[in-house]
>>> print(open('input16.txt').read())   # compact mmCIF, C-alpha atoms and all ligand atoms
# COMPACT_ATOMS: atom_id res chain seq x y z
CA MET A 17 77.80 139.81 137.92
CA GLN A 18 74.95 141.94 136.57
CA GLY A 19 71.69 140.30 135.56
CA PHE A 20 71.18 138.92 132.06
CA SER A 21 69.09 141.74 130.60
CA THR A 22 71.32 144.43 132.09
CA ARG A 23 74.26 142.79 130.31
CA ALA A 24 72.25 142.39 127.08
CA ILE A 25 71.39 146.09 127.04
CA HIS A 26 74.66 147.56 128.37
CA ALA A 27 77.65 145.22 127.92
CA GLY A 28 80.09 146.89 125.52
CA GLN A 29 77.46 149.54 124.77
CA GLU A 30 78.54 152.74 126.51
CA PRO A 31 77.17 155.98 124.97
CA ASP A 32 79.49 157.31 122.27
CA PRO A 33 82.24 159.36 124.02
CA ILE A 34 82.16 162.14 121.38
CA THR A 35 78.48 162.55 120.46
CA GLY A 36 76.75 160.94 123.43
CA ALA A 37 74.73 158.72 121.06
CA VAL A 38 73.03 156.15 123.25
CA THR A 39 72.68 153.42 120.63
CA THR A 40 75.68 151.83 118.96
CA SER A 41 76.61 153.40 115.61
CA ILE A 42 76.78 151.46 112.38
CA HIS A 43 80.39 151.96 111.31
CA THR A 44 80.28 151.49 107.56
CA SER A 45 83.86 152.50 106.79
CA SER A 46 85.88 149.68 105.27
CA THR A 47 89.19 151.36 106.14
CA TYR A 48 90.65 153.62 108.86
CA ALA A 49 93.05 156.57 108.63
CA GLN A 50 96.48 156.01 110.17
CA ASP A 51 98.75 158.61 111.78
CA GLY A 52 101.94 157.46 110.14
CA VAL A 53 102.49 153.90 108.90
CA GLY A 54 101.21 151.44 111.51
CA GLY A 55 99.75 154.25 113.64
CA THR A 56 96.09 153.34 114.00
CA ARG A 57 93.98 155.70 116.13
CA GLY A 58 91.57 153.26 117.80
CA GLY A 59 93.19 149.94 116.87
CA TYR A 60 91.17 149.66 113.64
CA GLU A 61 92.80 149.43 110.24
CA TYR A 62 90.50 147.47 107.91
CA SER A 63 86.96 146.17 108.50
CA ARG A 64 87.68 142.53 107.66
CA SER A 65 90.16 142.46 110.52
CA ALA A 66 87.96 144.39 112.97
CA ASN A 67 85.05 146.81 112.92
CA PRO A 68 83.72 148.88 115.86
CA THR A 69 80.07 147.79 115.47
CA ARG A 70 81.19 144.16 115.34
CA THR A 71 83.41 144.69 118.41
CA THR A 72 80.42 145.97 120.38
CA LEU A 73 78.35 142.92 119.41
CA GLN A 74 81.24 140.64 120.37
CA GLU A 75 81.62 142.23 123.79
CA CYS A 76 77.90 141.84 124.43
CA LEU A 77 77.83 138.18 123.31
CA ALA A 78 80.87 137.33 125.45
CA ALA A 79 79.15 138.89 128.48
CA LEU A 80 75.95 136.94 127.85
CA GLU A 81 77.75 133.58 127.55
CA ASP A 82 79.96 134.23 130.61
CA GLY A 83 82.95 134.11 128.28
CA ARG A 84 86.07 136.24 127.88
CA HIS A 85 86.12 136.31 124.07
CA ALA A 86 83.47 136.33 121.34
CA ARG A 87 83.92 136.46 117.58
CA ALA A 88 80.98 137.34 115.32
CA PHE A 89 80.67 135.75 111.87
CA GLY A 90 78.69 136.19 108.66
CA SER A 91 76.61 133.07 109.44
CA GLY A 92 76.39 130.16 111.87
CA MET A 93 78.01 127.93 109.27
CA GLY A 94 80.81 130.46 108.81
CA ALA A 95 81.46 130.28 112.56
CA THR A 96 81.34 126.48 112.56
CA ASP A 97 83.66 126.15 109.57
CA THR A 98 86.22 128.58 110.97
CA LEU A 99 86.20 126.92 114.39
CA LEU A 100 86.58 123.40 113.00
CA ARG A 101 89.43 124.45 110.72
CA VAL A 102 91.22 125.93 113.73
CA LEU A 103 90.60 122.95 116.03
CA LEU A 104 91.16 120.13 113.50
CA LYS A 105 93.82 119.13 111.03
CA PRO A 106 94.00 116.25 108.52
CA GLY A 107 94.09 112.90 110.36
CA ASP A 108 92.07 114.15 113.33
CA HIS A 109 88.73 112.73 114.45
CA ILE A 110 85.55 114.49 115.62
CA VAL A 111 82.59 113.02 117.49
CA ILE A 112 79.30 114.49 116.31
CA PRO A 113 75.74 114.04 117.62
CA HIS A 114 73.54 111.45 115.91
CA ASP A 115 71.01 114.26 115.71
CA ALA A 116 72.20 117.71 114.64
CA TYR A 117 71.48 120.55 112.23
CA GLY A 118 71.69 119.13 108.70
CA GLY A 119 74.05 121.87 107.54
CA THR A 120 76.55 121.09 110.30
CA PHE A 121 76.45 117.41 109.32
CA ARG A 122 76.87 118.31 105.63
CA LEU A 123 79.94 120.45 106.39
CA ILE A 124 81.60 117.65 108.40
CA ASP A 125 80.48 114.78 106.15
CA LYS A 126 81.03 116.38 102.75
CA VAL A 127 83.65 119.10 103.23
CA LEU A 128 85.87 118.19 106.20
CA SER A 129 85.95 114.50 105.20
CA GLY A 130 87.60 115.52 101.91
CA TRP A 131 90.22 117.25 104.01
CA GLY A 132 91.07 114.01 105.89
CA VAL A 133 88.99 114.53 109.07
CA GLU A 134 87.00 111.48 110.21
CA HIS A 135 83.77 111.68 112.18
CA THR A 136 81.64 109.34 114.29
CA PRO A 137 77.96 110.10 114.99
CA VAL A 138 77.04 109.23 118.59
CA ASP A 139 73.92 109.53 120.74
CA LEU A 140 75.35 112.14 123.09
CA SER A 141 72.55 111.74 125.62
CA ASP A 142 74.56 108.60 126.51
CA VAL A 143 77.88 109.58 128.13
CA GLU A 144 79.20 106.00 127.95
CA ALA A 145 78.57 105.99 124.18
CA LEU A 146 80.81 109.05 123.92
CA ARG A 147 83.53 107.38 125.99
CA ALA A 148 83.42 104.34 123.66
CA ALA A 149 83.70 106.51 120.53
CA ILE A 150 86.81 108.41 121.66
CA ARG A 151 89.99 107.57 119.73
CA PRO A 152 93.58 108.75 120.25
CA GLU A 153 93.02 111.16 117.30
CA THR A 154 89.76 112.61 118.73
CA LYS A 155 90.29 116.36 119.05
CA VAL A 156 86.72 117.65 119.16
CA VAL A 157 83.42 116.55 120.68
CA TRP A 158 80.66 118.56 119.01
CA THR A 159 77.25 118.69 120.60
CA GLU A 160 73.93 120.46 120.32
CA THR A 161 71.57 120.52 123.28
CA PRO A 162 68.64 120.65 122.72
CA THR A 163 69.31 119.00 119.36
CA ASN A 164 67.92 120.08 116.02
CA PRO A 165 65.34 118.71 115.20
CA LEU A 166 64.64 115.91 117.73
CA LEU A 167 65.08 118.04 120.88
CA GLY A 168 67.43 115.53 122.49
CA ILE A 169 69.30 116.63 125.62
CA ALA A 170 72.99 116.05 126.39
CA ASP A 171 74.49 116.50 129.86
CA ILE A 172 77.06 119.23 129.18
CA ALA A 173 78.99 118.83 132.45
CA ALA A 174 79.26 115.05 131.98
CA LEU A 175 80.40 115.36 128.34
CA ALA A 176 82.94 118.01 129.38
CA GLY A 177 84.49 115.52 131.83
CA VAL A 178 84.90 112.84 129.16
CA ALA A 179 86.26 115.30 126.60
CA ARG A 180 88.75 116.71 129.13
CA ASP A 181 90.04 113.20 130.01
CA ALA A 182 90.54 112.55 126.29
CA GLY A 183 92.34 115.85 125.65
CA ALA A 184 89.56 116.91 123.25
CA SER A 185 87.64 120.21 123.12
CA LEU A 186 83.93 120.15 123.93
CA VAL A 187 82.03 122.48 121.59
CA VAL A 188 78.35 123.22 122.33
CA ASP A 189 76.14 124.65 119.61
CA ASN A 190 73.88 126.69 121.91
CA THR A 191 71.57 127.98 119.17
CA PHE A 192 68.37 126.27 120.38
CA ALA A 193 68.74 127.29 124.03
CA SER A 194 70.29 130.76 123.59
CA PRO A 195 72.52 132.15 126.35
CA TYR A 196 69.43 133.17 128.30
CA LEU A 197 68.44 129.55 128.93
CA GLN A 198 71.87 127.90 129.12
CA THR A 199 75.53 128.91 129.48
CA PRO A 200 77.70 125.93 128.47
CA LEU A 201 81.07 127.51 129.38
CA ALA A 202 79.94 127.67 133.02
CA LEU A 203 79.15 123.93 132.78
CA GLY A 204 82.65 123.04 131.56
CA ALA A 205 82.40 123.36 127.76
CA ASP A 206 85.44 124.81 125.98
CA VAL A 207 83.65 126.63 123.19
CA VAL A 208 80.11 127.83 122.44
CA VAL A 209 78.84 128.30 118.89
CA HIS A 210 75.70 130.13 117.76
CA SER A 211 73.69 130.70 114.71
CA THR A 212 72.78 134.23 115.81
CA THR A 213 70.30 134.15 112.91
CA LYS A 214 67.98 132.45 115.40
CA TYR A 215 67.04 133.51 118.98
CA VAL A 216 69.96 135.92 119.48
CA GLY A 217 68.92 138.10 116.50
CA GLY A 218 65.34 137.04 117.07
CA HIS A 219 63.51 138.82 114.24
CA SER A 220 64.30 136.72 111.12
CA ASP A 221 65.94 139.72 109.51
CA VAL A 222 69.65 138.93 109.69
CA VAL A 223 71.97 135.93 109.18
CA GLY A 224 74.95 135.62 111.53
CA GLY A 225 77.05 133.39 113.74
CA ALA A 226 79.25 133.59 116.80
CA ILE A 227 81.92 131.71 118.74
CA VAL A 228 82.53 132.32 122.47
CA THR A 229 85.38 130.94 124.57
CA ASN A 230 87.51 131.60 127.65
CA ASP A 231 90.63 130.27 125.91
CA ASP A 232 92.95 133.20 125.03
CA ASP A 233 95.03 131.17 122.54
CA LEU A 234 91.94 129.89 120.77
CA ALA A 235 90.53 133.42 120.55
CA ALA A 236 93.75 134.64 118.94
CA ALA A 237 93.74 131.71 116.50
CA LEU A 238 90.11 132.46 115.59
CA SER A 239 90.92 136.11 114.89
CA PHE A 240 93.79 135.04 112.66
CA ALA A 241 91.63 132.47 110.84
CA GLN A 242 88.71 134.85 110.43
CA ASN A 243 90.93 137.57 109.04
CA SER A 244 92.57 135.05 106.72
CA THR A 245 89.34 133.52 105.40
CA GLY A 246 87.02 136.55 105.59
CA SER A 247 83.81 135.12 107.09
CA VAL A 248 82.81 138.42 108.69
CA PRO A 249 79.39 140.01 109.27
CA GLY A 250 78.79 143.45 107.77
CA PRO A 251 78.33 146.34 110.21
CA PHE A 252 74.59 146.57 109.55
CA ASP A 253 74.22 142.85 110.26
CA ALA A 254 76.19 143.24 113.49
CA TRP A 255 73.96 146.16 114.49
CA LEU A 256 70.71 144.30 113.76
CA THR A 257 71.92 141.36 115.84
CA LEU A 258 72.87 143.70 118.66
CA ARG A 259 69.47 145.37 118.54
CA GLY A 260 67.77 141.99 118.62
CA VAL A 261 69.75 140.57 121.52
CA LYS A 262 68.73 143.38 123.88
CA THR A 263 65.25 141.81 124.23
CA LEU A 264 66.40 138.18 124.34
CA ALA A 265 65.26 137.54 127.92
CA VAL A 266 61.71 138.82 127.48
CA ARG A 267 61.37 137.07 124.12
CA MET A 268 62.64 133.75 125.49
CA GLU A 269 60.23 133.84 128.43
CA ARG A 270 57.34 134.25 126.02
CA HIS A 271 58.71 131.61 123.58
CA CYS A 272 58.88 129.18 126.53
CA ASP A 273 55.38 130.04 127.80
CA ASN A 274 53.90 129.48 124.34
CA ALA A 275 55.91 126.32 123.59
CA GLU A 276 54.75 124.74 126.87
CA ARG A 277 51.12 125.42 125.95
CA VAL A 278 51.59 124.11 122.40
CA ALA A 279 53.35 120.94 123.60
CA GLU A 280 50.54 120.27 126.06
CA MET A 281 47.87 120.64 123.36
CA LEU A 282 49.79 118.40 120.93
CA ALA A 283 50.25 115.71 123.60
CA GLY A 284 46.46 115.44 123.89
CA HIS A 285 45.64 115.40 120.16
CA PRO A 286 44.74 112.03 118.57
CA ALA A 287 46.50 112.86 115.25
CA VAL A 288 49.84 113.19 117.11
CA GLU A 289 51.86 110.03 117.79
CA LYS A 290 54.63 111.60 119.88
CA VAL A 291 55.62 115.07 121.13
CA LEU A 292 59.31 115.90 121.51
CA TYR A 293 59.76 118.71 124.05
CA PRO A 294 62.24 118.62 126.95
CA GLY A 295 59.73 120.40 129.18
CA LEU A 296 57.43 117.36 129.19
CA PRO A 297 58.08 115.23 132.30
CA ASP A 298 58.21 112.02 130.21
CA HIS A 299 60.96 113.39 127.90
CA PRO A 300 64.08 111.22 128.50
CA GLY A 301 66.24 114.34 128.95
CA HIS A 302 63.80 116.22 131.17
CA GLU A 303 65.83 115.98 134.37
CA VAL A 304 69.13 116.95 132.76
CA ALA A 305 67.41 119.83 130.96
CA ALA A 306 65.88 121.02 134.24
CA LYS A 307 69.37 120.93 135.81
CA GLN A 308 71.25 122.84 133.12
CA MET A 309 68.60 125.07 131.51
CA ARG A 310 66.61 127.96 132.98
CA ARG A 311 63.51 126.83 131.04
CA PHE A 312 62.90 124.40 128.16
CA GLY A 313 62.91 126.60 125.07
CA GLY A 314 60.66 127.57 122.19
CA MET A 315 61.22 124.60 119.86
CA VAL A 316 58.71 121.74 119.75
CA SER A 317 58.77 118.76 117.38
CA PHE A 318 56.16 116.06 116.93
CA GLN A 319 55.48 112.95 114.93
CA THR A 320 52.12 112.52 113.23
CA ALA A 321 50.11 109.33 113.69
CA GLY A 322 49.31 109.26 109.95
CA GLY A 323 52.94 109.01 108.75
CA ARG A 324 54.74 111.21 106.22
CA ASP A 325 51.66 112.34 104.26
CA ALA A 326 49.97 113.55 107.43
CA ALA A 327 53.13 115.45 108.43
CA LEU A 328 53.31 117.14 105.01
CA GLN A 329 49.60 117.98 105.19
CA VAL A 330 49.89 119.67 108.61
CA CYS A 331 52.83 121.74 107.33
CA SER A 332 50.67 123.00 104.45
CA ASN A 333 47.49 123.56 106.45
CA THR A 334 48.49 126.06 109.13
CA GLN A 335 47.65 129.74 108.63
CA LEU A 336 49.60 131.48 111.41
CA PHE A 337 52.56 129.09 111.51
CA THR A 338 54.43 129.95 108.32
CA LEU A 339 55.92 127.05 106.36
CA ALA A 340 59.59 128.02 106.29
CA GLU A 341 63.09 126.96 107.34
CA SER A 342 64.92 128.64 110.23
CA LEU A 343 63.74 129.28 113.78
CA GLY A 344 64.03 131.53 116.80
CA GLY A 345 62.23 134.57 115.39
CA ILE A 346 59.22 136.28 116.92
CA GLU A 347 56.91 134.69 114.34
CA SER A 348 55.91 131.02 114.49
CA LEU A 349 57.29 128.70 111.81
CA ILE A 350 56.51 125.11 110.83
CA GLU A 351 58.58 122.77 108.67
CA HIS A 352 59.20 119.17 107.61
CA PRO A 353 62.85 118.49 108.54
CA GLY A 354 63.10 115.34 106.37
CA GLN A 355 62.49 117.30 103.18
CA MET A 356 63.69 120.72 104.27
CA THR A 357 66.36 121.57 106.90
CA HIS A 358 67.65 118.01 107.27
CA ALA A 359 67.38 116.73 103.69
CA SER A 360 71.18 116.34 103.63
CA THR A 361 70.98 113.65 106.35
CA ALA A 362 69.00 111.21 104.14
CA GLY A 363 70.57 107.74 104.16
CA SER A 364 72.94 108.61 107.05
CA MET A 365 72.81 107.82 110.77
CA LEU A 366 71.37 111.32 111.21
CA GLU A 367 68.33 110.69 109.00
CA VAL A 368 65.18 112.01 110.69
CA PRO A 369 61.75 110.29 110.84
CA ASP A 370 59.59 111.15 107.82
CA ASN A 371 56.52 111.83 110.00
CA LEU A 372 58.40 114.53 111.92
CA VAL A 373 57.17 118.14 112.05
CA ARG A 374 59.24 120.89 113.67
CA LEU A 375 57.75 124.03 115.19
CA SER A 376 59.51 127.23 116.09
CA VAL A 377 56.92 128.63 118.48
CA GLY A 378 56.85 132.41 118.23
CA ILE A 379 55.67 135.07 120.62
CA GLU A 380 52.17 135.63 119.22
CA ASP A 381 49.17 134.95 121.50
CA ALA A 382 49.20 131.33 122.66
CA GLU A 383 45.45 130.84 122.08
CA ASP A 384 45.80 131.80 118.40
CA LEU A 385 48.77 129.47 117.89
CA ILE A 386 46.99 126.56 119.54
CA GLU A 387 43.83 127.17 117.51
CA ASP A 388 45.84 127.27 114.27
CA LEU A 389 47.61 123.98 114.99
CA ARG A 390 44.50 122.27 116.25
CA ALA A 391 42.62 123.23 113.08
CA ALA A 392 45.45 121.91 110.88
CA LEU A 393 45.58 118.62 112.84
CA ASP A 394 41.80 118.23 112.83
CA THR A 395 41.84 118.11 109.01
CA LEU A 396 43.72 114.79 109.30
CA GLY A 397 40.48 113.22 110.54
O1 LIG B 401 71.98 129.34 109.09
P1 LIG B 401 73.25 129.70 109.81
O2 LIG B 401 73.21 131.02 110.50
O3 LIG B 401 74.48 129.53 108.96
O4 LIG B 401 73.38 128.67 111.05
C1 LIG B 401 73.57 127.29 110.90
C2 LIG B 401 73.01 126.55 112.08
C3 LIG B 401 73.90 126.13 113.08
N1 LIG B 401 73.46 125.46 114.17
C4 LIG B 401 72.15 125.20 114.35
C5 LIG B 401 71.71 124.45 115.57
C6 LIG B 401 71.21 125.61 113.40
O5 LIG B 401 69.92 125.34 113.62
C7 LIG B 401 71.66 126.30 112.23
C8 LIG B 401 70.71 126.72 111.17
N2 LIG B 401 69.47 126.06 111.19
C9 LIG B 401 68.43 126.27 110.32
C10 LIG B 401 68.48 127.14 109.31
C11 LIG B 401 67.23 125.45 110.58
O6 LIG B 401 66.14 125.77 110.05
O7 LIG B 401 67.34 124.48 111.34
>>> encode(input="input16.txt", output="structure tokens", more="lines below")
Ligand code: P1T
Amino acid sequence: MQGFSTRAIHAGQEPDPITGAVTTSIHTSSTYAQDGVGGTRGGYEYSRSANPTRTTLQECLAALEDGRHARAFGSGMGATDTLLRVLLKPGDHIVIPHDAYGGTFRLIDKVLSGWGVEHTPVDLSDVEALRAAIRPETKVVWTETPTNPLLGIADIAALAGVARDAGASLVVDNTFASPYLQTPLALGADVVVHSTTKYVGGHSDVVGGAIVTNDDDLAAALSFAQNSTGSVPGPFDAWLTLRGVKTLAVRMERHCDNAERVAEMLAGHPAVEKVLYPGLPDHPGHEVAAKQMRRFGGMVSFQTAGGRDAALQVCSNTQLFTLAESLGGIESLIEHPGQMTHASTAGSMLEVPDNLVRLSVGIEDAEDLIEDLRAALDTLG
């Protein structure tokens, strides 16, 4: 198999056979001429069903995740919703992490529950806890690793074994790691999901999602469901994502370098109670992360010693770290999950600590990022 960056730059991306154009074209046409009824020229008939720019992105994403099939969506939540509606039916049960993106929890807790799907939140860093939560109706085990926002680590190969024994599908939301750092299908997962809005796109300029699998039947069912429900990315969105993903490897190396430096500084600062970063040797998931990830990622969370008010103050006091939701872009972001990205988990088992701050460490110069954070923390006294 070719190396990661070679696949990122070339998979599915041959020069155009007619014009020789080296970069993928943005195919804006919503419909395609047919030579007689049913006689499509290149297999395309209508852009909800399939679009050439989207196909190129899908081929590239499949190659990066070591998967046979990828489907690109209009958002990460669009991908998640479509996948869960294909894998689950009323009466089924899903195991979810006790720490996960708030929007994923909201979809399962508020939308799928009304459709008769039950869920159980479980600490998926504990394989025995998963085994205990499995029911005869369990059809899906959903996991994130690292988790959003607590950076917990789940052992993908171990979870895959339990899910397989139970006849359930293991889905890994690989958004935080990106395919550069971790390829869950190779570790035994059945399906990978991404918010490509994050590291895959990488420039905070496009919203998108993706599903990757080796299961031919599932891929066909996803195409049918996507065409039926319409959660497709536009061609320009697909193109921006494709442009972004070409540099994923170099960006991720720099995100990891900077995050390691930031985590180290935070661990030594008196205003910080606890640093959550799988790259730190005392992180409970450090060994599993070292086994299944290339490096430890660009996301760092920490808890302030001064409680919620201190956390809110740090979020407002940085200059370079922009106070904003989302993650995985080249620029550094800071946020308060309890009141922002994870507000929908309040009062549930997924509620996050109120002194938690989440950082998406960008690819600026590490010294500037460290100085910015240190200055914001120093104001806490
Ligand atoms: O925003 P969207 O592209 O729809 O993706 C949803 C999503 C799915 N999975 C994970 C792990 C995510 O982090 C997200 C989106 N998360 C944020 C917007 C955030 O700031 O955490």
>>> residues_around(input="input16.txt", residues="Thr163 (chain A)", least_positions_apart="4", cutoff="6 Å", atoms="only C-alpha atoms", output="PDB file with C-alpha atoms, keeping the file's coordinate frame")
ATOM      1  CA  ALA A 116      72.200 117.710 114.640  1.00  0.00           C
ATOM      2  CA  LEU A 167      65.080 118.040 120.880  1.00  0.00           C
ATOM      3  CA  GLY A 168      67.430 115.530 122.490  1.00  0.00           C
TER       4      GLY A 168
END
>>> residues_near_ligand(input="input16.txt", ligand="ligand LIG 401 (chain B)", cutoff="9 Å", atoms="all atoms listed in the file", output="number ranges by chain")
A: 89-96, 116-120, 160-165, 189-192, 209-214, 222-225, 340-343, 351, 353, 356-358
>>> residues_near_point(input="input16.txt", point="(78.4, 141.1, 110.8)", cutoff="12 Å", atoms="only C-alpha atoms", output="VMD selection string")
chain A and resid 42 to 44 63 to 74 87 to 92 94 to 95 212 to 213 217 222 to 226 246 to 258
>>> residues_around(input="input16.txt", residues="Trp131 (chain A)", least_positions_apart="5", cutoff="12 Å", atoms="only C-alpha atoms", output="number ranges by chain")
A: 100-101, 104-109, 123-126
>>> write_last_selection(input="input16.txt", atoms="C-alpha atoms", output="short mmCIF file (atom, residue, chain, number, x, y, z; two decimals), in the coordinates of the input")
data_model
loop_
_atom_site.label_atom_id
_atom_site.label_comp_id
_atom_site.auth_asym_id
_atom_site.auth_seq_id
_atom_site.Cartn_x
_atom_site.Cartn_y
_atom_site.Cartn_z
CA LEU A 100 86.58 123.40 113.00
CA ARG A 101 89.43 124.45 110.72
CA LEU A 104 91.16 120.13 113.50
CA LYS A 105 93.82 119.13 111.03
CA PRO A 106 94.00 116.25 108.52
CA GLY A 107 94.09 112.90 110.36
CA ASP A 108 92.07 114.15 113.33
CA HIS A 109 88.73 112.73 114.45
CA LEU A 123 79.94 120.45 106.39
CA ILE A 124 81.60 117.65 108.40
CA ASP A 125 80.48 114.78 106.15
CA LYS A 126 81.03 116.38 102.75
#
>>> atom_distance(input="input16.txt", atom1="CA of Glu81 (chain A)", atom2="CA of Gly204 (chain A)")
12.3 Å
>>> closest_residue(input="input16.txt", among="A:Thr159, A:Thr263, A:Ser46, A:Asn230", to="Ala202 (chain A)", atoms="all atoms listed in the file")
A:Asn230
>>> atom_distance(input="input16.txt", atom1="CA of Ala326 (chain A)", atom2="CA of Leu292 (chain A)")
17.1 Å
>>> atom_distance(input="input16.txt", atom1="CA of Ser364 (chain A)", atom2="CA of Asp139 (chain A)")
13.8 Å
>>> residues_near_point(input="input16.txt", point="(52.1, 120.9, 122.0)", cutoff="10 Å", atoms="all atoms listed in the file", output="list in words")
Asn274, Ala275, Glu276, Arg277, Val278, Ala279, Glu280, Met281, Leu282, Ala283, Gly284, His285, Val288, Lys290, Val291, Leu292, Tyr293, Leu296, Val316, Ser317, Phe318, Leu375, Val377, Ile386, Leu389 and Arg390 of chain A
>>> write_last_selection(input="input16.txt", atoms="C-alpha atoms", output="mmCIF file, in the coordinates of the input")
data_model
loop_
_atom_site.group_PDB
_atom_site.id
_atom_site.type_symbol
_atom_site.label_atom_id
_atom_site.label_comp_id
_atom_site.auth_asym_id
_atom_site.auth_seq_id
_atom_site.Cartn_x
_atom_site.Cartn_y
_atom_site.Cartn_z
ATOM 1 C CA ASN A 274 53.900 129.480 124.340
ATOM 2 C CA ALA A 275 55.910 126.320 123.590
ATOM 3 C CA GLU A 276 54.750 124.740 126.870
ATOM 4 C CA ARG A 277 51.120 125.420 125.950
ATOM 5 C CA VAL A 278 51.590 124.110 122.400
ATOM 6 C CA ALA A 279 53.350 120.940 123.600
ATOM 7 C CA GLU A 280 50.540 120.270 126.060
ATOM 8 C CA MET A 281 47.870 120.640 123.360
ATOM 9 C CA LEU A 282 49.790 118.400 120.930
ATOM 10 C CA ALA A 283 50.250 115.710 123.600
ATOM 11 C CA GLY A 284 46.460 115.440 123.890
ATOM 12 C CA HIS A 285 45.640 115.400 120.160
ATOM 13 C CA VAL A 288 49.840 113.190 117.110
ATOM 14 C CA LYS A 290 54.630 111.600 119.880
ATOM 15 C CA VAL A 291 55.620 115.070 121.130
ATOM 16 C CA LEU A 292 59.310 115.900 121.510
ATOM 17 C CA TYR A 293 59.760 118.710 124.050
ATOM 18 C CA LEU A 296 57.430 117.360 129.190
ATOM 19 C CA VAL A 316 58.710 121.740 119.750
ATOM 20 C CA SER A 317 58.770 118.760 117.380
ATOM 21 C CA PHE A 318 56.160 116.060 116.930
ATOM 22 C CA LEU A 375 57.750 124.030 115.190
ATOM 23 C CA VAL A 377 56.920 128.630 118.480
ATOM 24 C CA ILE A 386 46.990 126.560 119.540
ATOM 25 C CA LEU A 389 47.610 123.980 114.990
ATOM 26 C CA ARG A 390 44.500 122.270 116.250
#
>>> residues_around(input="input16.txt", residues="Val304 (chain A)", least_positions_apart="2", cutoff="12 Å", atoms="all atoms listed in the file", output="list of chain:residue names")
A:Ser141, A:Asp142, A:Thr161, A:Pro162, A:Gly168, A:Ile169, A:Ala170, A:Asp171, A:Ile172, A:Ala173, A:Ala174, A:Gln198, A:Pro294, A:Gly295, A:Pro297, A:His299, A:Pro300, A:Gly301, A:His302, A:Ala306, A:Lys307, A:Gln308, A:Met309, A:Arg310, A:Arg311, A:Phe312
>>> axis_aligned_box(input="input16.txt", around="region 88-100 of chain A", padding_each_side="3 Å", output="AutoDock Vina command-line options")
--center_x 81.5 --center_y 130.4 --center_z 112.0 --size_x 16.2 --size_y 19.9 --size_z 12.7
>>> closest_residue(input="input16.txt", among="A:Glu380, A:Glu347, A:Phe121, A:Ala24", to="Ala362 (chain A)", atoms="only C-alpha atoms")
A:Phe121
>>> closest_atom_pairs(input="input16.txt", of="region 66-132 of chain A", to="region 235-238 of chain A", cutoff="10 Å", atoms="all atoms listed in the file", output="Markdown table")
| residue | atom | partner | partner_atom | distance |
| --- | --- | --- | --- | --- |
| A:Arg84 | CA | A:Ala235 | CA | 9.0 |
| A:His85 | CA | A:Ala235 | CA | 6.3 |
| A:Ala86 | CA | A:Ala235 | CA | 7.7 |
| A:Arg87 | CA | A:Leu238 | CA | 7.6 |
| A:Ala95 | CA | A:Leu238 | CA | 9.4 |
| A:Thr98 | CA | A:Leu238 | CA | 7.2 |
| A:Leu99 | CA | A:Leu238 | CA | 6.9 |
| A:Arg101 | CA | A:Leu238 | CA | 9.4 |
| A:Val102 | CA | A:Leu238 | CA | 6.9 |
| A:Leu103 | CA | A:Ala237 | CA | 9.3 |
>>> build_atoms(input="input16.txt", residues="region 185-195 of chain A", atoms="N, CA and C atoms", output="PDB file, keeping the file's coordinate frame")
ATOM      1  N   SER A 185      88.439 119.016 122.788  1.00  0.00           N
ATOM      2  CA  SER A 185      87.640 120.210 123.120  1.00  0.00           C
ATOM      3  C   SER A 185      86.167 119.878 123.020  1.00  0.00           C
ATOM      4  N   LEU A 186      85.389 120.300 124.020  1.00  0.00           N
ATOM      5  CA  LEU A 186      83.930 120.150 123.930  1.00  0.00           C
ATOM      6  C   LEU A 186      83.348 121.448 123.380  1.00  0.00           C
ATOM      7  N   VAL A 187      82.705 121.334 122.208  1.00  0.00           N
ATOM      8  CA  VAL A 187      82.030 122.480 121.590  1.00  0.00           C
ATOM      9  C   VAL A 187      80.526 122.279 121.747  1.00  0.00           C
ATOM     10  N   VAL A 188      79.816 123.300 122.224  1.00  0.00           N
ATOM     11  CA  VAL A 188      78.350 123.220 122.330  1.00  0.00           C
ATOM     12  C   VAL A 188      77.736 124.246 121.391  1.00  0.00           C
ATOM     13  N   ASP A 189      76.947 123.758 120.442  1.00  0.00           N
ATOM     14  CA  ASP A 189      76.140 124.650 119.610  1.00  0.00           C
ATOM     15  C   ASP A 189      74.915 125.008 120.455  1.00  0.00           C
ATOM     16  N   ASN A 190      74.884 126.245 120.934  1.00  0.00           N
ATOM     17  CA  ASN A 190      73.880 126.690 121.910  1.00  0.00           C
ATOM     18  C   ASN A 190      72.715 127.435 121.249  1.00  0.00           C
ATOM     19  N   THR A 191      72.566 127.222 119.935  1.00  0.00           N
ATOM     20  CA  THR A 191      71.570 127.980 119.170  1.00  0.00           C
ATOM     21  C   THR A 191      70.155 127.781 119.691  1.00  0.00           C
ATOM     22  N   PHE A 192      69.762 126.532 119.984  1.00  0.00           N
ATOM     23  CA  PHE A 192      68.370 126.270 120.380  1.00  0.00           C
ATOM     24  C   PHE A 192      68.055 126.845 121.758  1.00  0.00           C
ATOM     25  N   ALA A 193      69.015 126.815 122.675  1.00  0.00           N
ATOM     26  CA  ALA A 193      68.740 127.290 124.030  1.00  0.00           C
ATOM     27  C   ALA A 193      68.881 128.806 124.126  1.00  0.00           C
ATOM     28  N   SER A 194      69.876 129.354 123.461  1.00  0.00           N
ATOM     29  CA  SER A 194      70.290 130.760 123.590  1.00  0.00           C
ATOM     30  C   SER A 194      70.978 130.937 124.938  1.00  0.00           C
ATOM     31  N   PRO A 195      71.828 131.967 125.062  1.00  0.00           N
ATOM     32  CA  PRO A 195      72.520 132.150 126.350  1.00  0.00           C
ATOM     33  C   PRO A 195      71.577 132.475 127.495  1.00  0.00           C
TER      34      PRO A 195
END
